[in-house]
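Asks: Dumping the structure here so I can ask a few things about it.
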Amino acid sequence: MDDKLDPVQERVLRKVRRFTTVSALIMGAGFLALFSAIGYRAVVGWKSTPTAIDGIIRLPSGSSVLSTTVSGDMIAVTLQRQGVVETRLFDAKTRLPRGVIGYANEP
């Protein structure tokens with residue numbers, strides 16, 4: 001048996017090997033970029049700390065706070081006053097009121 005390849009088969013084999021090598025290098029670079037991004041976000045996420053919010057928000061007298069939430073530059077305070085539940089929105093930096101959301105039962 002003759003194990004030697006003819007020149008056409010040699011060229012095809014070289015092209016397949018080159019294609020496989022380039023493909024593997026591109027895939028390796030992709031995995032490297034992916035794991036680098038995941039590692040970077042994990043490390044940066046551990047170092048980030050939320051900003052402190054200090055101050056007083058004035059609420060109507062006789063109201064009781066049911067819940068609070070901070071999102072971006074807004075503070076939402078859900079309270080109950082005289083049997084009515086409402087959510088008041090405040091600016092996180094200035095503590096000034098930005099709106100009121102009332103709740104009612106459907107008829």
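Just so we're on the same page: first chain in the structure tokens is A, next is B, and so on; residues restart at 1 for each chain, and ligands are numbered from 1 in the order they show up.
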Assign secondary structure with DSSP using the backbone only, and return the residues of chain A in strand (DSSP E or B) as JSON, numbers by chain.
Replies: {"A": [64, 65, 66, 67, 68, 69, 70, 71, 74, 75, 76, 77, 78, 79, 80, 81, 84, 85, 86, 87, 88, 89, 90, 91, 97, 98, 99, 100, 101, 102]}
Asks: Only N, CA and C atoms, please: the residues just picked out, written as a compact mmCIF listing (two decimals), in the first residue's frame.
Replies:
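Okay, this is what ended up in again29.txt:
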```
# COMPACT_ATOMS: atom_id res chain seq x y z
N SER A 64 -48.44 55.67 59.19
CA SER A 64 -47.49 54.61 59.56
C SER A 64 -46.86 54.06 58.28
N VAL A 65 -45.56 53.88 58.32
CA VAL A 65 -44.80 53.42 57.15
C VAL A 65 -44.98 51.91 57.01
N LEU A 66 -45.40 51.49 55.81
CA LEU A 66 -45.55 50.07 55.51
C LEU A 66 -44.29 49.51 54.86
N SER A 67 -43.67 50.28 53.95
CA SER A 67 -42.43 49.83 53.30
C SER A 67 -41.71 51.02 52.68
N THR A 68 -40.42 50.82 52.41
CA THR A 68 -39.61 51.82 51.71
C THR A 68 -38.76 51.13 50.67
N THR A 69 -38.46 51.86 49.60
CA THR A 69 -37.62 51.33 48.53
C THR A 69 -36.80 52.48 47.95
N VAL A 70 -35.53 52.21 47.66
CA VAL A 70 -34.68 53.18 46.99
C VAL A 70 -34.32 52.61 45.63
N SER A 71 -34.54 53.41 44.58
CA SER A 71 -34.22 52.98 43.23
C SER A 71 -33.68 54.18 42.46
N MET A 74 -34.65 57.93 43.30
CA MET A 74 -35.98 58.03 43.90
C MET A 74 -36.07 57.20 45.18
N ILE A 75 -36.82 57.72 46.14
CA ILE A 75 -37.16 56.97 47.35
C ILE A 75 -38.68 56.83 47.36
N ALA A 76 -39.16 55.60 47.45
CA ALA A 76 -40.60 55.36 47.51
C ALA A 76 -40.95 54.91 48.92
N VAL A 77 -41.90 55.60 49.54
CA VAL A 77 -42.35 55.28 50.88
C VAL A 77 -43.84 54.95 50.81
N THR A 78 -44.18 53.71 51.12
CA THR A 78 -45.58 53.31 51.16
C THR A 78 -46.06 53.45 52.59
N LEU A 79 -47.14 54.20 52.76
CA LEU A 79 -47.63 54.45 54.11
C LEU A 79 -49.15 54.32 54.16
N GLN A 80 -49.63 54.19 55.39
CA GLN A 80 -51.06 54.12 55.62
C GLN A 80 -51.45 55.30 56.50
N ARG A 81 -52.44 56.05 56.06
CA ARG A 81 -52.89 57.23 56.79
C ARG A 81 -54.41 57.26 56.77
N VAL A 84 -56.11 54.76 54.53
CA VAL A 84 -55.83 54.83 53.10
C VAL A 84 -54.34 54.54 52.89
N VAL A 85 -54.05 53.65 51.93
CA VAL A 85 -52.67 53.30 51.60
C VAL A 85 -52.24 54.13 50.40
N GLU A 86 -51.07 54.74 50.50
CA GLU A 86 -50.53 55.51 49.38
C GLU A 86 -49.01 55.38 49.37
N THR A 87 -48.43 55.62 48.20
CA THR A 87 -46.97 55.62 48.06
C THR A 87 -46.53 57.02 47.70
N ARG A 88 -45.63 57.55 48.48
CA ARG A 88 -45.09 58.88 48.22
C ARG A 88 -43.68 58.73 47.68
N LEU A 89 -43.38 59.48 46.63
CA LEU A 89 -42.08 59.43 45.97
C LEU A 89 -41.30 60.69 46.32
N PHE A 90 -40.01 60.50 46.64
CA PHE A 90 -39.14 61.60 47.03
C PHE A 90 -37.86 61.53 46.23
N ASP A 91 -37.25 62.70 45.99
CA ASP A 91 -35.94 62.76 45.36
C ASP A 91 -34.91 62.31 46.39
N PRO A 97 -40.60 66.11 47.78
CA PRO A 97 -41.62 65.22 47.21
C PRO A 97 -41.65 65.32 45.69
N ARG A 98 -41.81 64.17 45.03
CA ARG A 98 -41.90 64.14 43.57
C ARG A 98 -43.22 63.59 43.09
N GLY A 99 -44.02 63.02 43.98
CA GLY A 99 -45.32 62.53 43.55
C GLY A 99 -45.97 61.64 44.60
N VAL A 100 -47.26 61.40 44.40
CA VAL A 100 -48.03 60.54 45.30
C VAL A 100 -48.84 59.58 44.45
N ILE A 101 -48.83 58.32 44.82
CA ILE A 101 -49.63 57.30 44.16
C ILE A 101 -50.63 56.79 45.18
N GLY A 102 -51.90 56.95 44.87
CA GLY A 102 -52.95 56.46 45.78
C GLY A 102 -53.47 55.12 45.30
```
Asks: I'd like to know which residues of region 35-104 of chain A are helix (DSSP H, G or I) (by DSSP, run on the backbone); could you write them as a list in words?
Replies: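 Across region 35-104 of chain A, those assigned helix (DSSP H, G or I) are Phe35, Ser36, Ala37, Ile38, Gly39, Tyr40, Arg41, Ala42, Val43, Val44, Gly45, Trp46 and Lys47 of chain A.
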Asks: Save the residues we just selected, C-alpha atoms, as a compact mmCIF listing (two decimals), in the first residue's frame?
Replies:
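The new file again-v1.txt reads:
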```txt
# COMPACT_ATOMS: atom_id res chain seq x y z
CA PHE A 35 -14.23 34.64 31.14
CA SER A 36 -12.29 37.91 31.45
CA ALA A 37 -15.55 39.88 31.35
CA ILE A 38 -17.17 37.59 33.93
CA GLY A 39 -14.13 37.84 36.20
CA TYR A 40 -13.96 41.61 35.83
CA ARG A 41 -17.64 42.06 36.71
CA ALA A 42 -17.30 39.72 39.69
CA VAL A 43 -14.32 41.63 41.09
CA VAL A 44 -15.78 45.08 40.43
CA GLY A 45 -19.12 43.99 41.89
CA TRP A 46 -17.46 43.05 45.17
CA LYS A 47 -15.75 46.41 45.45
```
Asks: So that I can check the surroundings of Gly72 (chain A), please list as a ChimeraX atom specification every protein, DNA and RNA residue that reaches within 12 Å of it, counting only C-alpha atoms and ignoring chain neighbours fewer than 6 positions away.
Replies: /A:50-51,53,90-93
Asks: Between A:Lys4, A:Arg11, A:Arg95, A:Arg18, single out the one closest to Ile57 (chain A), counting only C-alpha atoms.
Replies: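 Using only C-alpha atoms, Ile57 (chain A) sits closest to A:Arg95.
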